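Peer 1: Pasting in a structure now, in structure tokens, and then I'll have a few things to ask.
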Amino acid sequence: MSHLITLATCNLNQWALDFEGNRDRILESIYIAKEKGARLRVGPELEITGYGCLDHFLENDVCLHSWEMYAQIIKNPKTHGLLLDIGMPVLHKNVRYNCRLLSLDGKILFIRPKMWLANDGNYREMRFFTPWMKPGFVEDFVLPPEIQKVTDQKVVSFGDAVINTLDTCIGAETCEELFTPQSPHIAMSLDGVEIITNSSGSHHELRKLNKRLDLILNATSRCGGIYLYANQRGCDGDRLYYDGCALIAVNGKVVAQGSQFSLKDVEVVTATVDLEEVRNYRANFMSRGLQASLSETKFKRIDVAVELAPMKARFDPLIVPSKSRPIFYHTPEEEIALGPACWLWDYIRRCNGTGYFLPLSGGIDSCATAMIVHSMCRLVVKEASEGNEQVILDARKLTRGGEGWIPNDPQELASKFFHTCFMGTENSSKETRDRSRELATQIGSYHVDFNMDSVVSSVVSLFEVATGKKPVYKIFGGSQIENLALQNIQARLRMVFAYLFAQLLPWLRGIKNSGGLLVLGSANVDECLRGYLTKYDCSSADINPIGGISKTDLKKFIAYASTEYNMPILDSFLNATPTAELEPITEDYVQSDEIDMGMTYEELSVFGYLRKVEKCGPYSMFLKLLHEWTPRLTPAQVSEKVKRFFFFYAINRHKQTVLTPSYHAEQYSPDDNRFDLRPFLINPRFTWASKKIDQVVAQCEGKTTDLDIMSID
Ligand SMILES: Nc1ncnc2c1ncn2[C@@H]1O[C@H](COP(=O)(O)OP(=O)(O)OC[C@H]2O[C@@H]([n+]3cccc(C(=O)O)c3)[C@H](O)[C@@H]2O)[C@@H](O)[C@H]1O
Ligand SMILES: Nc1ncnc2c1ncn2[C@@H]1O[C@H](COP(=O)(O)OP(=O)(O)OP(=O)(O)O)[C@@H](O)[C@H]1O
Ligand SMILES: NC(=O)CC[C@H](N)C(=O)O
């Protein structure tokens, strides 16, 4: 016996507040789902508004426009014939909820508000929504008058209910609810819900996908059942990249998986599954049977007198159940190549940009940014070759390419919109200049190379004329302060030149109807955390695709790109010592990042992880590292490293307040503007914690200490 049913979920590239665009993508997904014979279509969380509206959710206009779009969707007869699970904000009794609206053939069946809101890391749902705090409870919801006319209903149920069709039972949970210890799907499944939808607004982070998938597989393996995961995809207007990966799982096995990174605005994932497999799995799982019979939560059933999988279809030899398949994961290097590239594409097309400008130093970081733009070009060419009309139109708009032009070569595409620039000084080496030019040639960017010594020396002379004193480099006898000032002026002038060239290059090239180029930044996550950057130099840009990625991962990405894209030039970037080239090179001195910083990039990743992810202050970070790093290091050395890290982190925290918006990619990102909220005036000596660290060091060294932690000395 089998009971086959085809179900659909999707990845939609929604854009915050783009009501009509979002509506159209929802409609397209419904049409595709219907065409594929699906009887249920689930979409991402808050898909009508876009997930990332943030404080715009506080405007009631957003609820109003959501209802308007929703009405247009469900009254369209082409959306009838399958059950729809659509997400939007809803005001009920003057309280705003993050809701799922379930409908069939133009009638709303019920509205389910999210119960467990996402409120950590990048998420602040409690700022805009109230959670529905009444499990299993349902109230009447009076539909807005305009909707009443469309659906011919006055009141629908609102709350924690499930849908009973004539042949199965369906429940909805929303994103974060899957991540909680008491997920709603547990009680639902024990109460006989066979199909569970999950609508998500879940963002990409390197190496995170397995967490989400583990939860889904774990849930369906323990509870049995069919789980449909839908997610938003793309940059919907902020630093996050939602990474799709719509998926259908049955009893702990994946039967369909959509892509994680793609330029497709709409991707529908369908599977034909057998409800009997769920019944069989559960009924033969005796301990589950006991728990189900004792389960106290009885959900209100919203009865719908239709069969989702009619008898006729159950025995159609042409309808074949989907087979289980292995899960696909990208490597972290591929994630870096694809996620930020897709984000950059959404950004430039959505802001109607003319192109990107990148200060290309010949070092690893700006090289990685350039390679991400190259990866974006490859993705565009690939999509265009597969006939993606939207991508072709967007590429024409971006490049001001005429009717009929199709991007069919990444280098040719880059030459039209991507600009790189080497800004040399007397401290620049031939190697970095050559690497920069060679890379530009290989990726096809429009490259500019100039020297700016005359400007640097004029500015320094101006200072001398105004004050009568001339700063000199340390290696020529100057002080630390003179040395830094001479470096910072070079770095800052580069920023000024970057904006000048970004504004004028399209004009120079005669690109019609163009604005300026967007300036790309290349400061990586570790430099930001340590503050190893000059405030308002080229780290200040319009957007930064690598600001959330560690140096170690960027190097792995470049090594991957070297073979994947067959570009051996990239090896020379990997083999070069990272250097800022802001100080004169002499026979026995070449500036080096790690020596300047007083710590290695590898150590910085460890400090960053412990500070942000493991929530360690200096004392507990020291204790953790004491166990990990001794006996390789002495306790005194560990203490010195931890104190040094916290010192530089604290004195440079102010730099995070003006950090260029970056693609969020790392759990330990120090982004002050959204993710890592901290004060920026901090005593860098952490005096009390330091005393406690010193006490432990002394104990380890067998010395007695006189620190009495309970009294004031
Ligand atoms: N507490 C506070 N709150 C708010 N603002 C504060 C502040 N303390 C300083 N400031 C401001 O910040 C300024 C100091 O910051 P900043 O001008 O960046 O200068 P600063 O951090 O002193 O120096 C730049 C750092 O970047 C390193 N570096 C090395 C190699 C290359 C590059 C590069 O960028 O290419 C950079 C360099 O070794 C040095 O550690 C002060 O002059 C002041 O205006
Ligand atoms: N000679 C240069 N020409 C063009 N841009 C430069 C040059 N030097 C530095 N920049 C820009 O300033 C940014 C910060 O410079 P810094 O020397 O701190 O490099 P970094 O952060 O180590 O990056 P990279 O590895 O790209 O050199 C660089 O990422 C680059 O965008
Ligand atoms: N929108 C949500 O509820 C997302 C939260 C969830 N923890 C995630 O990262 O996927």
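By convention here, the chains of the structure tokens are called A, B, ... in the order presented, each chain's residues are numbered starting at 1, and ligands are numbered starting at 1 in the order presented.
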Using only C-alpha atoms and all ligand atoms, tabulate the residues of chain A lying at most 8 Å from any atom of ligand 2, each with its closest atom pair and that distance in Å to one decimal, by chain and increasing residue number, as JSON lines.

Peer 2:
{"residue": "A:Leu358", "atom": "CA", "partner": "ligand 2", "partner_atom_place_in_ligand_line": "31 (O)", "distance": 6.4}
{"residue": "A:Pro359", "atom": "CA", "partner": "ligand 2", "partner_atom_place_in_ligand_line": "5 (N)", "distance": 3.8}
{"residue": "A:Leu360", "atom": "CA", "partner": "ligand 2", "partner_atom_place_in_ligand_line": "4 (C)", "distance": 4.4}
{"residue": "A:Ser361", "atom": "CA", "partner": "ligand 2", "partner_atom_place_in_ligand_line": "7 (C)", "distance": 3.8}
{"residue": "A:Gly362", "atom": "CA", "partner": "ligand 2", "partner_atom_place_in_ligand_line": "27 (O)", "distance": 6.0}
{"residue": "A:Gly363", "atom": "CA", "partner": "ligand 2", "partner_atom_place_in_ligand_line": "25 (O)", "distance": 3.4}
{"residue": "A:Ile364", "atom": "CA", "partner": "ligand 2", "partner_atom_place_in_ligand_line": "25 (O)", "distance": 3.9}
{"residue": "A:Asp365", "atom": "CA", "partner": "ligand 2", "partner_atom_place_in_ligand_line": "25 (O)", "distance": 3.7}
{"residue": "A:Ser366", "atom": "CA", "partner": "ligand 2", "partner_atom_place_in_ligand_line": "26 (O)", "distance": 3.6}
{"residue": "A:Cys367", "atom": "CA", "partner": "ligand 2", "partner_atom_place_in_ligand_line": "26 (O)", "distance": 6.0}
{"residue": "A:Ala368", "atom": "CA", "partner": "ligand 2", "partner_atom_place_in_ligand_line": "26 (O)", "distance": 7.8}
{"residue": "A:Cys421", "atom": "CA", "partner": "ligand 2", "partner_atom_place_in_ligand_line": "4 (C)", "distance": 5.6}
{"residue": "A:Phe422", "atom": "CA", "partner": "ligand 2", "partner_atom_place_in_ligand_line": "3 (N)", "distance": 3.7}
{"residue": "A:Met423", "atom": "CA", "partner": "ligand 2", "partner_atom_place_in_ligand_line": "3 (N)", "distance": 3.7}
{"residue": "A:Gly424", "atom": "CA", "partner": "ligand 2", "partner_atom_place_in_ligand_line": "1 (N)", "distance": 4.6}
{"residue": "A:Thr425", "atom": "CA", "partner": "ligand 2", "partner_atom_place_in_ligand_line": "1 (N)", "distance": 7.0}
{"residue": "A:Ser428", "atom": "CA", "partner": "ligand 2", "partner_atom_place_in_ligand_line": "1 (N)", "distance": 6.3}
{"residue": "A:Thr432", "atom": "CA", "partner": "ligand 2", "partner_atom_place_in_ligand_line": "1 (N)", "distance": 7.6}
{"residue": "A:Arg433", "atom": "CA", "partner": "ligand 2", "partner_atom_place_in_ligand_line": "1 (N)", "distance": 7.2}
{"residue": "A:Ala491", "atom": "CA", "partner": "ligand 2", "partner_atom_place_in_ligand_line": "12 (O)", "distance": 6.5}
{"residue": "A:Arg494", "atom": "CA", "partner": "ligand 2", "partner_atom_place_in_ligand_line": "5 (N)", "distance": 6.7}
{"residue": "A:Met495", "atom": "CA", "partner": "ligand 2", "partner_atom_place_in_ligand_line": "12 (O)", "distance": 7.7}
{"residue": "A:Leu520", "atom": "CA", "partner": "ligand 2", "partner_atom_place_in_ligand_line": "31 (O)", "distance": 7.8}
{"residue": "A:Gly521", "atom": "CA", "partner": "ligand 2", "partner_atom_place_in_ligand_line": "31 (O)", "distance": 6.1}
{"residue": "A:Ser522", "atom": "CA", "partner": "ligand 2", "partner_atom_place_in_ligand_line": "29 (O)", "distance": 4.5}
{"residue": "A:Ala523", "atom": "CA", "partner": "ligand 2", "partner_atom_place_in_ligand_line": "21 (O)", "distance": 5.0}
{"residue": "A:Asn524", "atom": "CA", "partner": "ligand 2", "partner_atom_place_in_ligand_line": "21 (O)", "distance": 6.8}
{"residue": "A:Glu527", "atom": "CA", "partner": "ligand 2", "partner_atom_place_in_ligand_line": "21 (O)", "distance": 7.1}
{"residue": "A:Tyr532", "atom": "CA", "partner": "ligand 2", "partner_atom_place_in_ligand_line": "18 (O)", "distance": 7.4}
{"residue": "A:Leu533", "atom": "CA", "partner": "ligand 2", "partner_atom_place_in_ligand_line": "18 (O)", "distance": 5.6}
{"residue": "A:Thr534", "atom": "CA", "partner": "ligand 2", "partner_atom_place_in_ligand_line": "18 (O)", "distance": 7.4}
{"residue": "A:Asp537", "atom": "CA", "partner": "ligand 2", "partner_atom_place_in_ligand_line": "12 (O)", "distance": 6.7}
{"residue": "A:Cys538", "atom": "CA", "partner": "ligand 2", "partner_atom_place_in_ligand_line": "12 (O)", "distance": 4.4}
{"residue": "A:Ser539", "atom": "CA", "partner": "ligand 2", "partner_atom_place_in_ligand_line": "13 (C)", "distance": 5.7}
{"residue": "A:Pro578", "atom": "CA", "partner": "ligand 2", "partner_atom_place_in_ligand_line": "22 (O)", "distance": 6.1}
{"residue": "A:Thr579", "atom": "CA", "partner": "ligand 2", "partner_atom_place_in_ligand_line": "22 (O)", "distance": 6.2}
{"residue": "A:Ala580", "atom": "CA", "partner": "ligand 2", "partner_atom_place_in_ligand_line": "17 (O)", "distance": 3.4}
{"residue": "A:Glu581", "atom": "CA", "partner": "ligand 2", "partner_atom_place_in_ligand_line": "17 (O)", "distance": 6.5}
{"residue": "A:Leu582", "atom": "CA", "partner": "ligand 2", "partner_atom_place_in_ligand_line": "17 (O)", "distance": 7.3}
{"residue": "A:Asp593", "atom": "CA", "partner": "ligand 2", "partner_atom_place_in_ligand_line": "22 (O)", "distance": 7.2}

Peer 1: Keeping only C-alpha atoms, write the selected residues to a file as a compact mmCIF listing (two decimals), in the first residue's frame.

Peer 2:
# COMPACT_ATOMS: atom_id res chain seq x y z
CA LEU A 358 38.94 47.88 -5.80
CA PRO A 359 42.27 49.17 -4.49
CA LEU A 360 44.41 46.16 -5.39
CA SER A 361 47.61 46.11 -3.36
CA GLY A 362 49.23 42.87 -4.46
CA GLY A 363 48.49 41.38 -1.00
CA ILE A 364 46.23 38.48 -0.07
CA ASP A 365 43.20 40.40 1.13
CA SER A 366 42.48 42.60 -1.85
CA CYS A 367 43.40 39.62 -4.03
CA ALA A 368 40.67 37.61 -2.29
CA CYS A 421 43.93 50.17 -9.01
CA PHE A 422 47.48 50.00 -7.67
CA MET A 423 48.50 53.13 -5.80
CA GLY A 424 52.24 52.95 -5.36
CA THR A 425 54.68 54.86 -3.22
CA SER A 428 55.98 49.70 -2.72
CA THR A 432 53.42 43.72 -5.35
CA ARG A 433 52.93 46.10 -8.29
CA ALA A 491 46.99 54.70 3.77
CA ARG A 494 44.72 55.95 -0.84
CA MET A 495 41.14 56.09 0.41
CA LEU A 520 35.16 47.62 -2.25
CA GLY A 521 36.97 47.18 1.05
CA SER A 522 39.30 44.31 1.91
CA ALA A 523 39.89 44.35 5.66
CA ASN A 524 39.55 40.81 7.02
CA GLU A 527 42.52 42.71 11.32
CA TYR A 532 45.29 46.43 12.73
CA LEU A 533 44.09 48.92 10.20
CA THR A 534 44.20 52.63 9.73
CA ASP A 537 42.03 54.29 4.95
CA CYS A 538 41.04 51.81 2.23
CA SER A 539 39.40 49.71 4.95
CA PRO A 578 51.94 39.82 4.19
CA THR A 579 53.21 43.39 4.39
CA ALA A 580 51.63 46.82 4.36
CA GLU A 581 54.57 48.43 2.52
CA LEU A 582 54.11 51.66 4.39
CA ASP A 593 51.91 42.09 9.63

Peer 1: Counting only C-alpha atoms and all ligand atoms, name the residues that have an atom within 6 Å of an atom of ligand 3; the answer should be given as a list in words.

Peer 2: Ala118, Cys175, Glu176, Ser200, Gly201, Ser202 and His203 of chain A

Peer 1: Would you please give, as a PyMOL selection string, all residues of segment 134-299 of chain A that DSSP assigns to alpha helix (DSSP H) based on the backbone?

Peer 2: chain A and resi 145-151+176-179+184-190+209-223+275-283+286-294

Peer 1: Can I get the selected residues back with N, CA and C atoms, as a short mmCIF file (atom, residue, chain, number, x, y, z; two decimals), in the first residue's frame?

Peer 2:
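Saved result, result-v5.cif, follows:
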data_model
loop_
_atom_site.label_atom_id
_atom_site.label_comp_id
_atom_site.auth_asym_id
_atom_site.auth_seq_id
_atom_site.Cartn_x
_atom_site.Cartn_y
_atom_site.Cartn_z
N PRO A 145 -11.25 44.34 6.50
CA PRO A 145 -12.44 44.39 5.62
C PRO A 145 -12.14 44.13 4.16
N GLU A 146 -11.01 44.65 3.66
CA GLU A 146 -10.71 44.44 2.24
C GLU A 146 -10.46 42.96 1.93
N ILE A 147 -9.90 42.27 2.91
CA ILE A 147 -9.61 40.84 2.70
C ILE A 147 -10.91 40.04 2.80
N GLN A 148 -11.79 40.50 3.67
CA GLN A 148 -13.09 39.81 3.79
C GLN A 148 -13.77 39.75 2.42
N LYS A 149 -13.64 40.86 1.67
CA LYS A 149 -14.29 40.89 0.34
C LYS A 149 -13.63 39.89 -0.61
N VAL A 150 -12.34 39.72 -0.45
CA VAL A 150 -11.61 38.83 -1.36
C VAL A 150 -11.88 37.37 -1.04
N THR A 151 -11.89 37.03 0.25
CA THR A 151 -11.99 35.61 0.60
C THR A 151 -13.42 35.19 0.95
N GLU A 176 13.51 29.41 13.78
CA GLU A 176 14.14 29.21 15.10
C GLU A 176 13.48 28.09 15.90
N GLU A 177 12.19 27.87 15.68
CA GLU A 177 11.49 26.85 16.46
C GLU A 177 12.14 25.47 16.30
N LEU A 178 12.74 25.26 15.14
CA LEU A 178 13.46 24.00 14.92
C LEU A 178 14.68 23.89 15.82
N PHE A 179 15.27 25.05 16.15
CA PHE A 179 16.53 25.06 16.91
C PHE A 179 16.31 24.94 18.42
N PRO A 184 8.16 22.81 18.34
CA PRO A 184 6.73 22.46 18.16
C PRO A 184 6.52 21.17 17.38
N HIS A 185 7.47 20.82 16.48
CA HIS A 185 7.22 19.60 15.69
C HIS A 185 7.15 18.36 16.57
N ILE A 186 7.71 18.44 17.79
CA ILE A 186 7.70 17.24 18.66
C ILE A 186 6.25 16.94 19.10
N ALA A 187 5.61 17.98 19.69
CA ALA A 187 4.22 17.76 20.13
C ALA A 187 3.31 17.50 18.93
N MET A 188 3.57 18.20 17.84
CA MET A 188 2.72 18.00 16.65
C MET A 188 2.82 16.56 16.16
N SER A 189 4.05 16.07 16.09
CA SER A 189 4.20 14.72 15.54
C SER A 189 3.59 13.69 16.47
N LEU A 190 3.72 13.92 17.79
CA LEU A 190 3.11 12.97 18.73
C LEU A 190 1.58 13.01 18.63
N LEU A 209 25.98 25.05 7.76
CA LEU A 209 24.85 24.33 7.18
C LEU A 209 24.58 23.00 7.88
N ASN A 210 25.65 22.34 8.29
CA ASN A 210 25.43 21.01 8.88
C ASN A 210 24.59 21.09 10.16
N LYS A 211 24.65 22.23 10.86
CA LYS A 211 23.85 22.34 12.09
C LYS A 211 22.36 22.27 11.75
N ARG A 212 21.99 23.06 10.74
CA ARG A 212 20.59 23.10 10.32
C ARG A 212 20.14 21.71 9.85
N LEU A 213 20.98 21.09 9.01
CA LEU A 213 20.58 19.80 8.44
C LEU A 213 20.55 18.71 9.51
N ASP A 214 21.51 18.76 10.44
CA ASP A 214 21.51 17.78 11.53
C ASP A 214 20.19 17.86 12.29
N LEU A 215 19.74 19.09 12.54
CA LEU A 215 18.50 19.26 13.31
C LEU A 215 17.30 18.67 12.56
N ILE A 216 17.26 18.92 11.25
CA ILE A 216 16.11 18.42 10.47
C ILE A 216 16.13 16.88 10.43
N LEU A 217 17.31 16.34 10.19
CA LEU A 217 17.39 14.88 10.08
C LEU A 217 17.13 14.21 11.42
N ASN A 218 17.66 14.86 12.45
CA ASN A 218 17.44 14.35 13.79
C ASN A 218 15.95 14.38 14.14
N ALA A 219 15.31 15.50 13.81
CA ALA A 219 13.88 15.65 14.13
C ALA A 219 13.06 14.58 13.44
N THR A 220 13.31 14.39 12.14
CA THR A 220 12.46 13.43 11.41
C THR A 220 12.87 11.99 11.69
N SER A 221 14.08 11.82 12.19
CA SER A 221 14.43 10.46 12.53
C SER A 221 13.85 10.08 13.90
N ARG A 222 13.82 11.03 14.83
CA ARG A 222 13.23 10.70 16.15
C ARG A 222 11.70 10.69 16.11
N CYS A 223 11.11 11.64 15.36
CA CYS A 223 9.65 11.77 15.38
C CYS A 223 8.97 11.06 14.21
N LEU A 275 3.06 8.86 2.28
CA LEU A 275 2.56 9.05 3.65
C LEU A 275 2.55 7.73 4.43
N GLU A 276 2.39 6.66 3.69
CA GLU A 276 2.36 5.35 4.36
C GLU A 276 3.71 5.04 5.01
N GLU A 277 4.78 5.57 4.42
CA GLU A 277 6.10 5.34 5.03
C GLU A 277 6.18 5.98 6.40
N VAL A 278 5.52 7.11 6.54
CA VAL A 278 5.53 7.80 7.83
C VAL A 278 4.72 6.98 8.85
N ARG A 279 3.56 6.54 8.40
CA ARG A 279 2.68 5.77 9.31
C ARG A 279 3.37 4.48 9.75
N ASN A 280 3.99 3.84 8.78
CA ASN A 280 4.68 2.59 9.05
C ASN A 280 5.84 2.79 10.04
N TYR A 281 6.63 3.84 9.77
CA TYR A 281 7.81 4.14 10.60
C TYR A 281 7.38 4.41 12.03
N ARG A 282 6.34 5.23 12.17
CA ARG A 282 5.90 5.59 13.52
C ARG A 282 5.23 4.42 14.24
N ALA A 283 4.39 3.70 13.51
CA ALA A 283 3.63 2.64 14.17
C ALA A 283 4.52 1.50 14.64
N MET A 286 7.89 1.45 18.92
CA MET A 286 6.96 1.22 20.02
C MET A 286 7.07 2.27 21.13
N SER A 287 8.30 2.69 21.46
CA SER A 287 8.43 3.68 22.53
C SER A 287 7.82 5.02 22.12
N ARG A 288 7.92 5.33 20.83
CA ARG A 288 7.28 6.55 20.35
C ARG A 288 5.77 6.43 20.50
N GLY A 289 5.26 5.22 20.22
CA GLY A 289 3.82 4.97 20.36
C GLY A 289 3.36 5.26 21.78
N LEU A 290 4.16 4.83 22.77
CA LEU A 290 3.80 5.08 24.17
C LEU A 290 3.73 6.58 24.45
N GLN A 291 4.76 7.29 23.98
CA GLN A 291 4.78 8.73 24.23
C GLN A 291 3.60 9.42 23.53
N ALA A 292 3.29 8.96 22.32
CA ALA A 292 2.18 9.57 21.58
C ALA A 292 0.86 9.35 22.32
N SER A 293 0.70 8.13 22.86
CA SER A 293 -0.58 7.86 23.54
C SER A 293 -0.71 8.67 24.82
N LEU A 294 0.43 9.03 25.43
CA LEU A 294 0.39 9.81 26.67
C LEU A 294 0.41 11.32 26.44
#

Peer 1: Compile the contact shell of segment 445-454 of chain A as a tab-separated table (two decimals) with N, CA and C atoms, in the first residue's frame: residues with an atom at most 10 Å away, counting only C-alpha atoms, same-chain residues fewer than 6 positions apart removed.

Peer 2:
chain	number	residue	atom	x	y	z
A	356	TYR	N	32.17	48.10	-9.79
A	356	TYR	CA	32.95	48.08	-8.55
A	356	TYR	C	34.34	48.62	-8.80
A	357	PHE	N	34.91	49.23	-7.75
A	357	PHE	CA	36.28	49.72	-7.79
A	357	PHE	C	37.02	49.09	-6.60
A	358	LEU	N	38.19	48.53	-6.87
A	358	LEU	CA	38.94	47.88	-5.80
A	358	LEU	C	40.39	48.34	-5.76
A	359	PRO	N	40.84	48.92	-4.65
A	359	PRO	CA	42.27	49.17	-4.49
A	359	PRO	C	42.99	47.83	-4.35
A	360	LEU	N	43.80	47.49	-5.32
A	360	LEU	CA	44.41	46.16	-5.39
A	360	LEU	C	45.90	46.27	-5.07
A	370	ALA	N	39.18	40.55	-5.08
A	370	ALA	CA	39.16	40.52	-6.55
A	370	ALA	C	38.68	39.15	-7.04
A	373	VAL	N	34.98	38.80	-6.85
A	373	VAL	CA	34.31	39.46	-7.98
A	373	VAL	C	34.45	38.58	-9.23
A	374	HIS	N	35.63	37.98	-9.39
A	374	HIS	CA	35.82	37.08	-10.54
A	374	HIS	C	34.84	35.90	-10.46
A	410	PRO	N	33.76	35.58	-18.49
A	410	PRO	CA	33.92	36.31	-17.22
A	410	PRO	C	34.84	37.51	-17.36
A	411	GLN	N	35.90	37.38	-18.14
A	411	GLN	CA	36.86	38.48	-18.27
A	411	GLN	C	36.23	39.65	-19.04
A	412	GLU	N	35.48	39.30	-20.08
A	412	GLU	CA	34.85	40.37	-20.86
A	412	GLU	C	33.83	41.11	-20.00
A	413	LEU	N	33.09	40.34	-19.21
A	413	LEU	CA	32.11	40.96	-18.31
A	413	LEU	C	32.83	41.88	-17.31
A	414	ALA	N	33.93	41.36	-16.72
A	414	ALA	CA	34.66	42.15	-15.73
A	414	ALA	C	35.17	43.45	-16.35
A	415	SER	N	35.64	43.36	-17.58
A	415	SER	CA	36.24	44.56	-18.20
A	415	SER	C	35.23	45.70	-18.30
A	416	LYS	N	33.94	45.34	-18.26
A	416	LYS	CA	32.93	46.38	-18.42
A	416	LYS	C	32.55	47.06	-17.11
A	417	PHE	N	32.75	46.38	-15.99
A	417	PHE	CA	32.26	47.01	-14.75
A	417	PHE	C	33.24	46.96	-13.58
A	418	PHE	N	34.30	46.16	-13.70
A	418	PHE	CA	35.18	45.97	-12.54
A	418	PHE	C	36.49	46.73	-12.75
A	419	HIS	N	36.84	47.58	-11.80
A	419	HIS	CA	38.02	48.44	-11.91
A	419	HIS	C	38.94	48.18	-10.74
A	420	THR	N	40.22	47.99	-11.03
A	420	THR	CA	41.19	47.78	-9.96
A	420	THR	C	42.27	48.85	-10.08
A	421	CYS	N	42.98	49.07	-8.98
A	421	CYS	CA	43.93	50.17	-9.01
A	421	CYS	C	45.08	49.91	-8.04
A	422	PHE	N	46.30	50.06	-8.54
A	422	PHE	CA	47.48	50.00	-7.67
A	422	PHE	C	47.95	51.42	-7.43
A	423	MET	N	48.10	51.76	-6.15
A	423	MET	CA	48.50	53.13	-5.80
A	423	MET	C	49.85	53.05	-5.11
A	424	GLY	N	50.90	53.19	-5.89
A	424	GLY	CA	52.24	52.95	-5.36
A	424	GLY	C	52.86	54.15	-4.66
A	425	THR	N	53.82	53.83	-3.81
A	425	THR	CA	54.68	54.86	-3.22
A	425	THR	C	56.11	54.34	-3.32
A	426	GLU	N	57.03	55.12	-2.81
A	426	GLU	CA	58.43	54.66	-2.84
A	426	GLU	C	58.62	53.41	-1.97
A	427	ASN	N	57.65	53.14	-1.09
A	427	ASN	CA	57.77	51.95	-0.24
A	427	ASN	C	57.22	50.69	-0.91
A	428	SER	N	56.56	50.87	-2.04
A	428	SER	CA	55.98	49.70	-2.72
A	428	SER	C	57.08	48.94	-3.43
A	433	ARG	N	53.48	45.39	-7.13
A	433	ARG	CA	52.93	46.10	-8.29
A	433	ARG	C	52.69	45.12	-9.46
A	436	SER	N	49.80	42.73	-8.76
A	436	SER	CA	48.52	43.42	-8.89
A	436	SER	C	48.14	43.53	-10.38
A	437	ARG	N	49.09	43.96	-11.19
A	437	ARG	CA	48.80	44.13	-12.62
A	437	ARG	C	48.47	42.79	-13.29
A	438	GLU	N	49.27	41.77	-12.94
A	438	GLU	CA	49.08	40.45	-13.56
A	438	GLU	C	47.70	39.87	-13.19
A	439	LEU	N	47.34	40.03	-11.92
A	439	LEU	CA	46.02	39.51	-11.51
A	439	LEU	C	44.91	40.24	-12.27
A	460	VAL	N	53.20	65.96	3.66
A	460	VAL	CA	54.18	66.00	4.76
A	460	VAL	C	54.86	67.37	4.78
A	490	GLN	N	49.79	57.80	4.14
A	490	GLN	CA	49.78	57.09	2.86
A	490	GLN	C	48.49	56.28	2.73
A	493	LEU	N	45.45	58.61	2.25
A	493	LEU	CA	45.38	59.24	0.92
A	493	LEU	C	44.86	58.23	-0.10
A	494	ARG	N	45.21	56.97	0.11
A	494	ARG	CA	44.72	55.95	-0.84
A	494	ARG	C	43.19	55.91	-0.84
A	497	PHE	N	41.97	58.80	-2.89
A	497	PHE	CA	42.15	58.52	-4.33
A	497	PHE	C	41.15	57.46	-4.81
A	501	PHE	N	38.86	58.13	-8.03
A	501	PHE	CA	38.88	57.30	-9.25
A	501	PHE	C	37.54	56.58	-9.44
A	505	LEU	N	36.18	57.23	-13.11
A	505	LEU	CA	36.55	56.24	-14.15
A	505	LEU	C	35.42	55.98	-15.17
A	509	ARG	N	35.83	56.60	-19.15
A	509	ARG	CA	35.64	55.54	-20.15
A	509	ARG	C	34.42	55.80	-21.04

Peer 1: Which residues, written as number ranges by chain, have at least one atom at most 8 Å from segment 128-142 of chain A, with only C-alpha atoms counted and residues fewer than 4 positions away on the same chain left out?

Peer 2: A: 54-55, 57-58, 92, 95-98, 113-117, 124, 154-161, 297-300

Peer 1: Output C-alpha atoms for every residue in the selection just made, as a short mmCIF file (atom, residue, chain, number, x, y, z; two decimals), in the first residue's frame.

Peer 2:
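Below you can see out.cif, which holds the result:
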data_model
loop_
_atom_site.label_atom_id
_atom_site.label_comp_id
_atom_site.auth_asym_id
_atom_site.auth_seq_id
_atom_site.Cartn_x
_atom_site.Cartn_y
_atom_site.Cartn_z
CA LEU A 54 14.29 45.24 10.70
CA ASP A 55 12.78 48.41 12.22
CA PHE A 57 8.49 46.12 10.72
CA LEU A 58 7.46 48.71 13.30
CA HIS A 92 -3.89 40.75 15.92
CA VAL A 95 -0.11 43.01 18.70
CA ARG A 96 2.32 42.27 15.85
CA TYR A 97 3.12 38.62 15.13
CA ASN A 98 5.43 36.89 12.66
CA PRO A 113 2.01 33.06 14.73
CA LYS A 114 5.64 32.17 15.48
CA MET A 115 6.00 31.04 19.09
CA TRP A 116 9.74 30.97 19.68
CA LEU A 117 11.40 33.99 18.20
CA ARG A 124 16.30 40.69 16.95
CA LYS A 154 -15.08 37.29 8.18
CA VAL A 155 -13.23 35.36 10.84
CA VAL A 156 -10.43 32.78 10.70
CA SER A 157 -8.61 30.87 13.43
CA PHE A 158 -5.40 32.40 14.78
CA GLY A 159 -2.99 30.46 16.98
CA ASP A 160 -1.31 27.16 17.49
CA ALA A 161 -3.43 24.79 15.39
CA THR A 297 -1.03 18.49 23.78
CA LYS A 298 -4.00 18.03 21.51
CA PHE A 299 -3.92 20.55 18.71
CA LYS A 300 -7.06 22.12 17.40
#

Peer 1: Looking at only C-alpha atoms, which of A:Leu517, A:Ala16, A:Ala38, A:Leu344 is the one that sits closest to Ala271 of chain A?

Peer 2: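 Going through A:Leu517, A:Ala16, A:Ala38, A:Leu344 one by one, the smallest distance to Ala271 of chain A is for A:Ala38.
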